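This is input28.pdb. It holds PDB, C-alpha atoms.
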ATOM      1  CA  MET Y   4      -5.935  20.358  10.487
ATOM      2  CA  ASP Y   5      -9.642  19.585  10.160
ATOM      3  CA  LEU Y   6      -9.868  16.979   7.400
ATOM      4  CA  ASP Y   7     -13.588  17.651   6.885
ATOM      5  CA  ALA Y   8     -12.671  21.260   6.088
ATOM      6  CA  VAL Y   9      -9.888  20.116   3.750
ATOM      7  CA  ARG Y  10     -12.276  17.701   2.022
ATOM      8  CA  THR Y  11     -14.828  20.498   1.677
ATOM      9  CA  PHE Y  12     -12.177  22.799   0.208
ATOM     10  CA  THR Y  13     -11.211  20.271  -2.490
ATOM     11  CA  ALA Y  14     -14.873  19.595  -3.281
ATOM     12  CA  ALA Y  15     -15.514  23.329  -3.733
ATOM     13  CA  ALA Y  16     -12.379  23.703  -5.850
ATOM     14  CA  ASP Y  17     -13.548  20.856  -8.112
ATOM     15  CA  ALA Y  18     -17.164  22.012  -8.311
ATOM     16  CA  GLY Y  19     -16.500  25.741  -8.721
ATOM     17  CA  ARG Y  20     -19.566  26.578  -6.597
ATOM     18  CA  PHE Y  21     -20.195  26.195  -2.871
ATOM     19  CA  ARG Y  22     -23.762  25.119  -3.641
ATOM     20  CA  ASP Y  23     -22.596  22.297  -5.919
ATOM     21  CA  ALA Y  24     -19.956  21.236  -3.395
ATOM     22  CA  ALA Y  25     -22.672  21.059  -0.728
ATOM     23  CA  THR Y  26     -24.729  18.770  -2.963
ATOM     24  CA  ASP Y  27     -21.725  16.537  -3.629
ATOM     25  CA  LEU Y  28     -20.915  16.289   0.085
ATOM     26  CA  GLY Y  29     -24.512  15.920   1.255
ATOM     27  CA  VAL Y  30     -24.375  18.964   3.538
ATOM     28  CA  THR Y  31     -25.877  22.467   3.472
ATOM     29  CA  GLN Y  32     -24.296  25.360   1.602
ATOM     30  CA  GLN Y  33     -23.980  27.142   4.955
ATOM     31  CA  ALA Y  34     -21.911  24.224   6.294
ATOM     32  CA  VAL Y  35     -19.584  24.466   3.293
ATOM     33  CA  SER Y  36     -19.112  28.206   3.852
ATOM     34  CA  LYS Y  37     -18.402  27.728   7.584
ATOM     35  CA  ARG Y  38     -15.870  24.951   7.016
ATOM     36  CA  ILE Y  39     -13.961  26.920   4.401
ATOM     37  CA  ALA Y  40     -14.050  30.071   6.539
ATOM     38  CA  ALA Y  41     -12.596  28.077   9.457
ATOM     39  CA  LEU Y  42      -9.871  26.650   7.214
ATOM     40  CA  GLU Y  43      -9.017  30.141   5.963
ATOM     41  CA  ARG Y  44      -8.709  31.362   9.580
ATOM     42  CA  ASP Y  45      -6.399  28.450  10.431
ATOM     43  CA  LEU Y  46      -4.187  29.135   7.409
ATOM     44  CA  GLY Y  47      -4.376  32.914   7.612
ATOM     45  CA  VAL Y  48      -5.136  33.332   3.898
ATOM     46  CA  ARG Y  49      -8.106  33.639   1.555
ATOM     47  CA  LEU Y  50      -8.622  30.457  -0.470
ATOM     48  CA  PHE Y  51     -11.531  31.549  -2.684
ATOM     49  CA  THR Y  52     -12.795  34.690  -4.354
ATOM     50  CA  ARG Y  53     -16.572  34.778  -4.696
ATOM     51  CA  THR Y  54     -17.767  35.792  -8.182
ATOM     52  CA  PRO Y  55     -21.172  35.902  -9.918
ATOM     53  CA  GLN Y  56     -20.158  32.667 -11.661
ATOM     54  CA  GLY Y  57     -19.251  30.856  -8.440
ATOM     55  CA  ALA Y  58     -16.078  30.517  -6.391
ATOM     56  CA  ARG Y  59     -12.624  30.952  -7.911
ATOM     57  CA  LEU Y  60      -9.402  29.827  -6.228
ATOM     58  CA  THR Y  61      -7.049  32.580  -5.149
ATOM     59  CA  VAL Y  62      -3.315  32.228  -5.747
ATOM     60  CA  ASP Y  63      -3.009  30.843  -2.198
ATOM     61  CA  GLY Y  64      -5.887  28.457  -2.874
ATOM     62  CA  GLN Y  65      -4.145  27.170  -6.004
ATOM     63  CA  ALA Y  66      -0.926  26.657  -4.023
ATOM     64  CA  PHE Y  67      -2.750  24.801  -1.237
ATOM     65  CA  LEU Y  68      -4.854  22.504  -3.479
ATOM     66  CA  PRO Y  69      -2.244  19.795  -4.306
ATOM     67  CA  HIS Y  70      -1.244  19.608  -0.636
ATOM     68  CA  ALA Y  71      -4.886  19.315   0.368
ATOM     69  CA  ARG Y  72      -5.319  16.379  -1.993
ATOM     70  CA  GLU Y  73      -2.199  14.725  -0.556
ATOM     71  CA  LEU Y  74      -3.542  15.205   2.984
ATOM     72  CA  LEU Y  75      -6.720  13.346   2.026
ATOM     73  CA  ARG Y  76      -4.747  10.557   0.335
ATOM     74  CA  ALA Y  77      -2.578  10.246   3.458
ATOM     75  CA  ALA Y  78      -5.702  10.029   5.600
ATOM     76  CA  GLU Y  79      -7.066   7.242   3.397
ATOM     77  CA  ARG Y  80      -3.787   5.339   3.623
ATOM     78  CA  ALA Y  81      -3.788   5.766   7.390
ATOM     79  CA  ALA Y  82      -7.308   4.339   7.645
ATOM     80  CA  ALA Y  83      -6.439   1.522   5.246
ATOM     81  CA  SER Y  84      -3.465   0.556   7.412
ATOM     82  CA  VAL Y  85      -5.804  -0.592  10.180
ATOM     83  CA  ARG Y  86      -8.516  -1.945   7.891
ATOM     84  CA  SER Y  87      -6.175  -4.070   5.800
ATOM     85  CA  GLY Y  88      -6.774  -7.251   7.761
ATOM     86  CA  ARG Y  89     -10.474  -7.109   6.916
ATOM     87  CA  ARG Y  90     -10.595  -5.795   3.351
ATOM     88  CA  PRO Y  91      -9.727  -7.634   0.115
ATOM     89  CA  LEU Y  92      -6.341  -7.108  -1.502
ATOM     90  CA  ARG Y  93      -7.101  -4.780  -4.424
ATOM     91  CA  VAL Y  94      -5.001  -5.566  -7.504
ATOM     92  CA  ASP Y  95      -5.091  -4.035 -10.975
ATOM     93  CA  VAL Y  96      -4.504  -6.058 -14.135
ATOM     94  CA  LEU Y  97      -4.500  -4.824 -17.718
ATOM     95  CA  GLY Y  98      -7.004  -7.484 -18.795
ATOM     96  CA  THR Y  99      -8.663 -10.501 -17.212
ATOM     97  CA  ARG Y 100      -7.507 -12.844 -20.012
ATOM     98  CA  LEU Y 101      -3.870 -11.757 -19.871
ATOM     99  CA  ALA Y 102      -0.952 -13.322 -18.010
ATOM    100  CA  PRO Y 103      -1.182 -11.184 -14.828
ATOM    101  CA  ALA Y 104      -4.721 -12.427 -14.228
ATOM    102  CA  ASP Y 105      -3.388 -15.977 -14.618
ATOM    103  CA  LEU Y 106      -0.683 -15.191 -12.043
ATOM    104  CA  LEU Y 107      -3.369 -13.932  -9.665
ATOM    105  CA  ARG Y 108      -5.423 -17.084 -10.180
ATOM    106  CA  GLY Y 109      -2.359 -19.127  -9.243
ATOM    107  CA  PHE Y 110      -1.896 -17.021  -6.109
ATOM    108  CA  HIS Y 111      -5.542 -17.502  -5.171
ATOM    109  CA  ARG Y 112      -5.267 -21.271  -5.594
ATOM    110  CA  ALA Y 113      -2.225 -21.232  -3.298
ATOM    111  CA  HIS Y 114      -3.945 -18.905  -0.787
ATOM    112  CA  PRO Y 115      -7.681 -19.698  -1.067
ATOM    113  CA  GLY Y 116      -8.500 -17.774   2.108
ATOM    114  CA  THR Y 117      -7.225 -14.475   0.714
ATOM    115  CA  ALA Y 118      -9.938 -12.162  -0.564
ATOM    116  CA  LEU Y 119      -9.062 -10.428  -3.844
ATOM    117  CA  ASP Y 120     -10.635  -7.433  -5.545
ATOM    118  CA  VAL Y 121      -9.450  -7.419  -9.180
ATOM    119  CA  VAL Y 122      -9.796  -4.205 -11.194
ATOM    120  CA  THR Y 123      -8.708  -3.110 -14.679
ATOM    121  CA  LEU Y 124      -7.324   0.391 -15.097
ATOM    122  CA  ARG Y 125      -6.510   2.088 -18.390
ATOM    123  CA  ASP Y 126      -2.715   2.348 -18.551
ATOM    124  CA  ALA Y 127       0.497   2.307 -16.530
ATOM    125  CA  ALA Y 128       0.402   6.000 -15.605
ATOM    126  CA  GLU Y 129      -3.098   5.705 -14.138
ATOM    127  CA  ALA Y 130      -2.289   2.406 -12.421
ATOM    128  CA  VAL Y 131       0.942   3.641 -10.808
ATOM    129  CA  GLU Y 132      -0.821   6.777  -9.548
ATOM    130  CA  ALA Y 133      -3.567   4.573  -8.093
ATOM    131  CA  VAL Y 134      -0.898   2.593  -6.234
ATOM    132  CA  ARG Y 135       0.774   5.778  -5.009
ATOM    133  CA  ALA Y 136      -2.542   7.219  -3.833
ATOM    134  CA  GLY Y 137      -3.591   3.996  -2.099
ATOM    135  CA  ALA Y 138      -6.563   3.362  -4.406
ATOM    136  CA  VAL Y 139      -5.170  -0.081  -5.257
ATOM    137  CA  ASP Y 140      -2.657  -2.208  -3.360
ATOM    138  CA  ALA Y 141      -0.718  -3.388  -6.414
ATOM    139  CA  THR Y 142      -0.725  -3.442 -10.187
ATOM    140  CA  PHE Y 143       0.881  -5.563 -12.886
ATOM    141  CA  ARG Y 144       2.508  -3.295 -15.500
ATOM    142  CA  ALA Y 145       5.506  -2.972 -17.784
ATOM    143  CA  VAL Y 146       7.370  -0.179 -16.002
ATOM    144  CA  PRO Y 147       9.073   2.201 -15.969
ATOM    145  CA  MET Y 148       7.940   3.468 -19.363
ATOM    146  CA  PRO Y 149      10.424   5.346 -21.577
ATOM    147  CA  GLY Y 150      11.062   8.851 -20.314
ATOM    148  CA  SER Y 151       9.367   8.260 -16.963
ATOM    149  CA  ARG Y 152      10.287   7.152 -13.473
ATOM    150  CA  LEU Y 153       8.363   5.659 -10.597
ATOM    151  CA  PRO Y 154       7.375   7.850  -7.637
ATOM    152  CA  GLU Y 155       9.680   7.536  -4.643
ATOM    153  CA  GLU Y 156       6.971   5.839  -2.573
ATOM    154  CA  VAL Y 157       6.466   3.103  -5.167
ATOM    155  CA  GLU Y 158       8.527  -0.014  -5.849
ATOM    156  CA  ALA Y 159       8.422  -2.500  -8.725
ATOM    157  CA  ALA Y 160       9.826  -5.966  -9.322
ATOM    158  CA  ARG Y 161       9.713  -7.950 -12.523
ATOM    159  CA  VAL Y 162       7.714 -11.129 -11.996
ATOM    160  CA  LEU Y 163       7.321 -12.570 -15.499
ATOM    161  CA  GLY Y 164       8.926 -12.277 -18.900
ATOM    162  CA  GLU Y 165       6.108 -13.652 -21.045
ATOM    163  CA  PRO Y 166       7.226 -14.998 -24.458
ATOM    164  CA  LEU Y 167       5.201 -13.957 -27.485
ATOM    165  CA  HIS Y 168       3.403 -16.316 -29.850
ATOM    166  CA  LEU Y 169       2.352 -15.551 -33.402
ATOM    167  CA  LEU Y 170      -1.352 -16.300 -33.876
ATOM    168  CA  THR Y 171      -2.364 -17.062 -37.466
ATOM    169  CA  GLY Y 172      -5.129 -18.600 -39.525
ATOM    170  CA  PRO Y 173      -4.628 -21.971 -41.262
ATOM    171  CA  GLY Y 174      -3.849 -20.348 -44.621
ATOM    172  CA  HIS Y 175      -1.004 -18.161 -43.381
ATOM    173  CA  PRO Y 176       2.474 -19.008 -44.797
ATOM    174  CA  LEU Y 177       3.819 -19.535 -41.257
ATOM    175  CA  ALA Y 178       0.862 -21.529 -39.926
ATOM    176  CA  ALA Y 179       2.705 -24.866 -40.099
ATOM    177  CA  ALA Y 180       5.968 -23.605 -38.573
ATOM    178  CA  ARG Y 181       7.032 -25.137 -35.259
ATOM    179  CA  SER Y 182       8.596 -21.784 -34.321
ATOM    180  CA  VAL Y 183       9.638 -18.586 -36.041
ATOM    181  CA  THR Y 184      12.358 -16.006 -35.464
ATOM    182  CA  PRO Y 185      11.473 -12.315 -35.129
ATOM    183  CA  ARG Y 186      13.538 -11.440 -38.215
ATOM    184  CA  ARG Y 187      11.588 -13.957 -40.292
ATOM    185  CA  LEU Y 188       8.463 -11.915 -39.557
ATOM    186  CA  ALA Y 189       9.780  -8.877 -41.437
ATOM    187  CA  GLY Y 190       7.426  -8.121 -44.325
ATOM    188  CA  HIS Y 191       4.459  -9.953 -42.783
ATOM    189  CA  ARG Y 192       1.367  -8.003 -41.670
ATOM    190  CA  ILE Y 193       0.956  -8.186 -37.904
ATOM    191  CA  TRP Y 194      -2.351  -6.655 -36.831
ATOM    192  CA  ILE Y 195      -2.897  -5.563 -33.221
ATOM    193  CA  PRO Y 196      -6.028  -3.379 -33.178
ATOM    194  CA  GLY Y 197      -6.612  -1.230 -30.139
ATOM    195  CA  ILE Y 198      -3.036  -0.146 -29.413
ATOM    196  CA  VAL Y 199      -3.391   3.140 -27.531
ATOM    197  CA  PRO Y 200      -0.559   5.652 -28.085
ATOM    198  CA  GLY Y 201       1.251   6.569 -24.900
ATOM    199  CA  THR Y 202       0.539   3.291 -23.113
ATOM    200  CA  GLU Y 203       3.160   0.823 -21.974
ATOM    201  CA  TRP Y 204       2.095  -1.822 -24.483
ATOM    202  CA  ALA Y 205       2.297   0.726 -27.318
ATOM    203  CA  ALA Y 206       5.868   1.545 -26.248
ATOM    204  CA  TYR Y 207       6.704  -2.172 -26.146
ATOM    205  CA  TYR Y 208       5.419  -2.897 -29.657
ATOM    206  CA  ASP Y 209       7.039   0.255 -31.064
ATOM    207  CA  ASP Y 210      10.419  -0.914 -29.775
ATOM    208  CA  LEU Y 211       9.802  -4.474 -30.964
ATOM    209  CA  ALA Y 212       8.946  -3.288 -34.472
ATOM    210  CA  ALA Y 213      12.016  -1.050 -34.591
ATOM    211  CA  ALA Y 214      14.361  -3.778 -33.328
ATOM    212  CA  PHE Y 215      13.356  -6.358 -35.948
ATOM    213  CA  ASP Y 216      11.987  -4.200 -38.801
ATOM    214  CA  LEU Y 217       8.440  -5.491 -38.292
ATOM    215  CA  THR Y 218       5.193  -4.104 -39.672
ATOM    216  CA  ILE Y 219       2.753  -3.845 -36.756
ATOM    217  CA  GLU Y 220      -0.604  -2.331 -37.716
ATOM    218  CA  ALA Y 221      -3.028  -0.855 -35.221
ATOM    219  CA  THR Y 222      -5.457   0.480 -37.806
ATOM    220  CA  GLY Y 223      -9.218   0.103 -37.590
ATOM    221  CA  PRO Y 224     -11.570  -0.025 -34.606
ATOM    222  CA  ASN Y 225     -11.030  -2.606 -31.891
ATOM    223  CA  PHE Y 226     -14.184  -4.744 -31.862
ATOM    224  CA  GLY Y 227     -12.712  -7.292 -29.468
ATOM    225  CA  THR Y 228     -11.036 -10.683 -29.576
ATOM    226  CA  GLU Y 229     -13.919 -12.435 -31.346
ATOM    227  CA  VAL Y 230     -13.718 -10.168 -34.394
ATOM    228  CA  LEU Y 231      -9.918 -10.414 -34.428
ATOM    229  CA  VAL Y 232      -9.893 -14.224 -34.509
ATOM    230  CA  ASP Y 233     -12.576 -14.219 -37.209
ATOM    231  CA  ALA Y 234     -10.362 -11.995 -39.369
ATOM    232  CA  LEU Y 235      -7.291 -14.178 -38.773
ATOM    233  CA  ALA Y 236      -9.177 -17.356 -39.675
ATOM    234  CA  GLU Y 237     -10.241 -15.915 -43.027
ATOM    235  CA  SER Y 238      -6.990 -14.191 -43.999
ATOM    236  CA  PRO Y 239      -3.865 -15.750 -45.572
ATOM    237  CA  GLU Y 240      -1.877 -12.605 -44.706
ATOM    238  CA  LEU Y 241      -2.833 -11.314 -41.272
ATOM    239  CA  ALA Y 242      -1.277 -12.476 -37.995
ATOM    240  CA  THR Y 243      -1.159 -11.068 -34.480
ATOM    241  CA  PHE Y 244       0.920 -11.423 -31.337
ATOM    242  CA  VAL Y 245      -0.410 -12.993 -28.142
ATOM    243  CA  GLY Y 246       1.370 -13.812 -24.911
ATOM    244  CA  GLU Y 247       2.237 -17.409 -24.143
ATOM    245  CA  ARG Y 248      -0.089 -17.326 -21.109
ATOM    246  CA  THR Y 249      -2.802 -15.186 -22.700
ATOM    247  CA  ARG Y 250      -6.151 -16.977 -22.968
ATOM    248  CA  VAL Y 251      -7.559 -16.813 -26.485
ATOM    249  CA  LEU Y 252     -10.615 -18.876 -27.457
ATOM    250  CA  TRP Y 253     -11.941 -19.466 -30.968
ATOM    251  CA  PRO Y 254     -14.465 -21.745 -32.696
ATOM    252  CA  ALA Y 255     -13.084 -25.158 -33.633
ATOM    253  CA  GLY Y 256     -13.659 -24.492 -37.331
ATOM    254  CA  HIS Y 257     -11.260 -21.545 -37.300
ATOM    255  CA  ASP Y 258      -8.239 -23.857 -36.896
ATOM    256  CA  LEU Y 259      -5.975 -21.054 -35.682
ATOM    257  CA  ARG Y 260      -2.323 -21.747 -34.954
ATOM    258  CA  ARG Y 261      -0.070 -20.497 -32.130
ATOM    259  CA  VAL Y 262       3.546 -20.360 -33.284
ATOM    260  CA  PRO Y 263       6.254 -19.625 -30.658
ATOM    261  CA  VAL Y 264       8.625 -16.768 -31.526
ATOM    262  CA  ARG Y 265      12.246 -17.667 -30.696
ATOM    263  CA  ASP Y 266      15.926 -16.823 -31.243
ATOM    264  CA  PRO Y 267      15.498 -14.419 -29.618
ATOM    265  CA  ALA Y 268      12.150 -14.824 -27.910
ATOM    266  CA  PRO Y 269      10.527 -11.398 -27.409
ATOM    267  CA  VAL Y 270       9.190 -11.339 -23.855
ATOM    268  CA  TYR Y 271       6.661  -8.931 -22.414
ATOM    269  CA  PRO Y 272       8.067  -7.645 -19.080
ATOM    270  CA  HIS Y 273       5.301  -7.933 -16.484
ATOM    271  CA  ALA Y 274       6.239  -6.262 -13.184
ATOM    272  CA  LEU Y 275       4.397  -6.076  -9.886
ATOM    273  CA  VAL Y 276       4.140  -2.498  -8.595
ATOM    274  CA  TRP Y 277       3.274  -1.647  -4.989
ATOM    275  CA  ARG Y 278       3.663   1.129  -2.437
ATOM    276  CA  ARG Y 279       6.580   0.544  -0.053
ATOM    277  CA  ASP Y 280       4.624   1.408   3.093
ATOM    278  CA  ASN Y 281       1.494  -0.625   2.278
ATOM    279  CA  PRO Y 282       0.917  -2.873   5.327
ATOM    280  CA  HIS Y 283      -1.699  -5.231   3.852
ATOM    281  CA  PRO Y 284      -0.631  -8.723   4.983
ATOM    282  CA  ALA Y 285      -1.736 -10.346   1.714
ATOM    283  CA  LEU Y 286       0.564  -8.065  -0.283
ATOM    284  CA  ALA Y 287       3.637  -9.644   1.279
ATOM    285  CA  ALA Y 288       2.214 -13.082   0.489
ATOM    286  CA  LEU Y 289       1.570 -12.077  -3.128
ATOM    287  CA  ARG Y 290       5.115 -10.753  -3.546
ATOM    288  CA  ALA Y 291       6.579 -13.959  -2.122
ATOM    289  CA  HIS Y 292       4.381 -16.076  -4.381
ATOM    290  CA  LEU Y 293       5.459 -14.180  -7.495
ATOM    291  CA  THR Y 294       9.201 -14.660  -7.119
ATOM    292  CA  PRO Y 295      10.153 -15.356 -10.756
ATOM    293  CA  ALA Y 296      11.838 -18.606 -11.737
ATOM    294  CA  PRO Y 297      15.185 -18.173 -13.523
ATOM    295  CA  ALA Y 298      15.135 -18.592 -17.310
ATOM    296  CA  PRO Y 299      16.364 -21.977 -18.578
ATOM    297  CA  PRO Y 300      20.077 -21.974 -19.450
ATOM    298  CA  GLY Y 301      20.758 -20.895 -23.021
ATOM    299  CA  THR Y 302      17.437 -19.063 -23.415
ATOM    300  CA  ASP Y 303      17.851 -16.103 -25.770
ATOM    301  CA  THR Y 304      15.277 -13.389 -25.055
ATOM    302  CA  TRP Y 305      14.592  -9.801 -26.069
ATOM    303  CA  ALA Y 306      12.919  -6.985 -24.161
ATOM    304  CA  PRO Y 307      13.070  -3.200 -24.561
ATOM    305  CA  ALA Y 308      16.040  -1.539 -22.885
ATOM    306  CA  TRP Y 309      13.715   0.435 -20.571
ATOM    307  CA  ALA Y 310      12.155  -2.759 -19.209
ATOM    308  CA  ARG Y 311      15.219  -4.916 -18.609
TER     309      ARG Y 311
END
What would you get if you wrote out this structure as structure tokens?
Amino acid sequence: MDLDAVRTFTAAADAGRFRDAATDLGVTQQAVSKRIAALERDLGVRLFTRTPQGARLTVDGQAFLPHARELLRAAERAAASVRSGRRPLRVDVLGTRLAPADLLRGFHRAHPGTALDVVTLRDAAEAVEAVRAGAVDATFRAVPMPGSRLPEEVEAARVLGEPLHLLTGPGHPLAAARSVTPRRLAGHRIWIPGIVPGTEWAAYYDDLAAAFDLTIEATGPNFGTEVLVDALAESPELATFVGERTRVLWPAGHDLRRVPVRDPAPVYPHALVWRRDNPHPALAALRAHLTPAPAPPGTDTWAPAWAR
């Protein structure tokens, strides 16, 4: 099957007009019409109905569209399989100050000759689809989310259970504690602005709050870490959760405190997700590097049932 014709078909389906598809592809409108006509002859069906408003997919066109997209993704994966020795390993992390980015920095120190392309996608669903489609080589996510499953082509392995710390200002009642249990946090205001419903971290904190009767607030706009630490420094009531390996910086005068949460220690379940047939040589090296160390004997941890 002519992949240029398939690519032209998907462009026309997305644009809704042959003229707009031609502009997007950098070809003439006549070329778009010829390619689609050739594809229709090969398939023996009409893919579009021409209307005064543009081009509308027929029933056969609608049926063919998802397969056309998969053909193009397969073509990209095929090309990537022979380019992988020359291109950077593309890895998604939720945030550049979070633990997965720290894991990647450790990998890069151990393999300084490996080129990395680090990206940040929105949530687990988008990141896993990017892995499946070959847009990224791997992602660090808490998966599988409740009520979902990974695509057959995709594999995941837990690489880090990151303990949580309570971050408070100096006037908070728990600021001087050497550690705190999750149940002792019941009744305290824990503020995590920017939690997005439907994401993996929202599911994690929902389950954490339910397990230990915690009050986790996500109210108000998320103006970033700087505004959050300013609010904590000034408040005798507010606290937030941060990962043990999460990088948080604040002015010296804020005198914030990081208090480990223990007995049990809630851990955020970071997993590495990759496509089984991805041949990039650096991916195998990354997986080997991230083999998790066993937890110390007697360590009592908590994680959601879906992430264990």
Quiz prompt | Shell around Arg311 of chain Y at 12 Å using all atoms listed in the file, local window under 3 positions removed, as a PyMOL selection string | solution = chain Y and resi 145-149+160-164+207+269-274+304-308
Could the residues in this selection be written to a file with C-alpha atoms, as an mmCIF file, in the coordinates of the input?
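The new file again01.cif reads:
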data_model
loop_
_atom_site.group_PDB
_atom_site.id
_atom_site.type_symbol
_atom_site.label_atom_id
_atom_site.label_comp_id
_atom_site.auth_asym_id
_atom_site.auth_seq_id
_atom_site.Cartn_x
_atom_site.Cartn_y
_atom_site.Cartn_z
ATOM 1 C CA ALA Y 145 5.506 -2.972 -17.784
ATOM 2 C CA VAL Y 146 7.370 -0.179 -16.002
ATOM 3 C CA PRO Y 147 9.073 2.201 -15.969
ATOM 4 C CA MET Y 148 7.940 3.468 -19.363
ATOM 5 C CA PRO Y 149 10.424 5.346 -21.577
ATOM 6 C CA ALA Y 160 9.826 -5.966 -9.322
ATOM 7 C CA ARG Y 161 9.713 -7.950 -12.523
ATOM 8 C CA VAL Y 162 7.714 -11.129 -11.996
ATOM 9 C CA LEU Y 163 7.321 -12.570 -15.499
ATOM 10 C CA GLY Y 164 8.926 -12.277 -18.900
ATOM 11 C CA TYR Y 207 6.704 -2.172 -26.146
ATOM 12 C CA PRO Y 269 10.527 -11.398 -27.409
ATOM 13 C CA VAL Y 270 9.190 -11.339 -23.855
ATOM 14 C CA TYR Y 271 6.661 -8.931 -22.414
ATOM 15 C CA PRO Y 272 8.067 -7.645 -19.080
ATOM 16 C CA HIS Y 273 5.301 -7.933 -16.484
ATOM 17 C CA ALA Y 274 6.239 -6.262 -13.184
ATOM 18 C CA THR Y 304 15.277 -13.389 -25.055
ATOM 19 C CA TRP Y 305 14.592 -9.801 -26.069
ATOM 20 C CA ALA Y 306 12.919 -6.985 -24.161
ATOM 21 C CA PRO Y 307 13.070 -3.200 -24.561
ATOM 22 C CA ALA Y 308 16.040 -1.539 -22.885
#
Quiz item: Expressed in Å to a single decimal, how great is the separation between atom CA of Leu275 of chain Y and atom CA of Trp204 of chain Y?
Solution: 15.4 Å
Quiz item: For Leu170 of chain Y, which of Y:Ala77, Y:Ala242, Y:Leu188, Y:Val139 is the closest residue, counting only C-alpha atoms?
Solution: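 Answer, going by the shortest atom-to-atom distance: Y:Ala242.
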Practice problem: Please measure the separation of atom CA of Arg93 of chain Y and atom CA of Gly109 of chain Y, giving the value in Å to one decimal. | Solution: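 Atom CA of Gly109 of chain Y lies at a distance of 15.9 Å from atom CA of Arg93 of chain Y.
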Expand the PyMOL selection byres ((chain Y and resi 191) around 8) into the individual residues it matches in the shown file, reporting them as a PDB file with C-alpha atoms, keeping the file's coordinate frame.
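Below you can see part_17.pdb, which holds the result:
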ATOM      1  CA  LEU Y 188       8.463 -11.915 -39.557  1.00  0.00           C
ATOM      2  CA  ALA Y 189       9.780  -8.877 -41.437  1.00  0.00           C
ATOM      3  CA  GLY Y 190       7.426  -8.121 -44.325  1.00  0.00           C
ATOM      4  CA  ARG Y 192       1.367  -8.003 -41.670  1.00  0.00           C
ATOM      5  CA  ILE Y 193       0.956  -8.186 -37.904  1.00  0.00           C
ATOM      6  CA  LEU Y 217       8.440  -5.491 -38.292  1.00  0.00           C
ATOM      7  CA  THR Y 218       5.193  -4.104 -39.672  1.00  0.00           C
ATOM      8  CA  GLU Y 240      -1.877 -12.605 -44.706  1.00  0.00           C
ATOM      9  CA  LEU Y 241      -2.833 -11.314 -41.272  1.00  0.00           C
ATOM     10  CA  ALA Y 242      -1.277 -12.476 -37.995  1.00  0.00           C
TER      11      ALA Y 242
END
Quiz item: Which one is closest to Ala128 of chain Y: Y:Thr99, Y:Thr61, Y:Thr202, Y:Gln33? Count only C-alpha atoms.
Solution: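 Smallest distance to Ala128 of chain Y is found for Y:Thr202.
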Quiz item: What residues come out when you apply the PyMOL selection byres ((chain Y and resi 65) around 12) to this file, written as a PyMOL selection string?
Solution: chain Y and resi 12-13+16-17+48-52+59-64+66-72
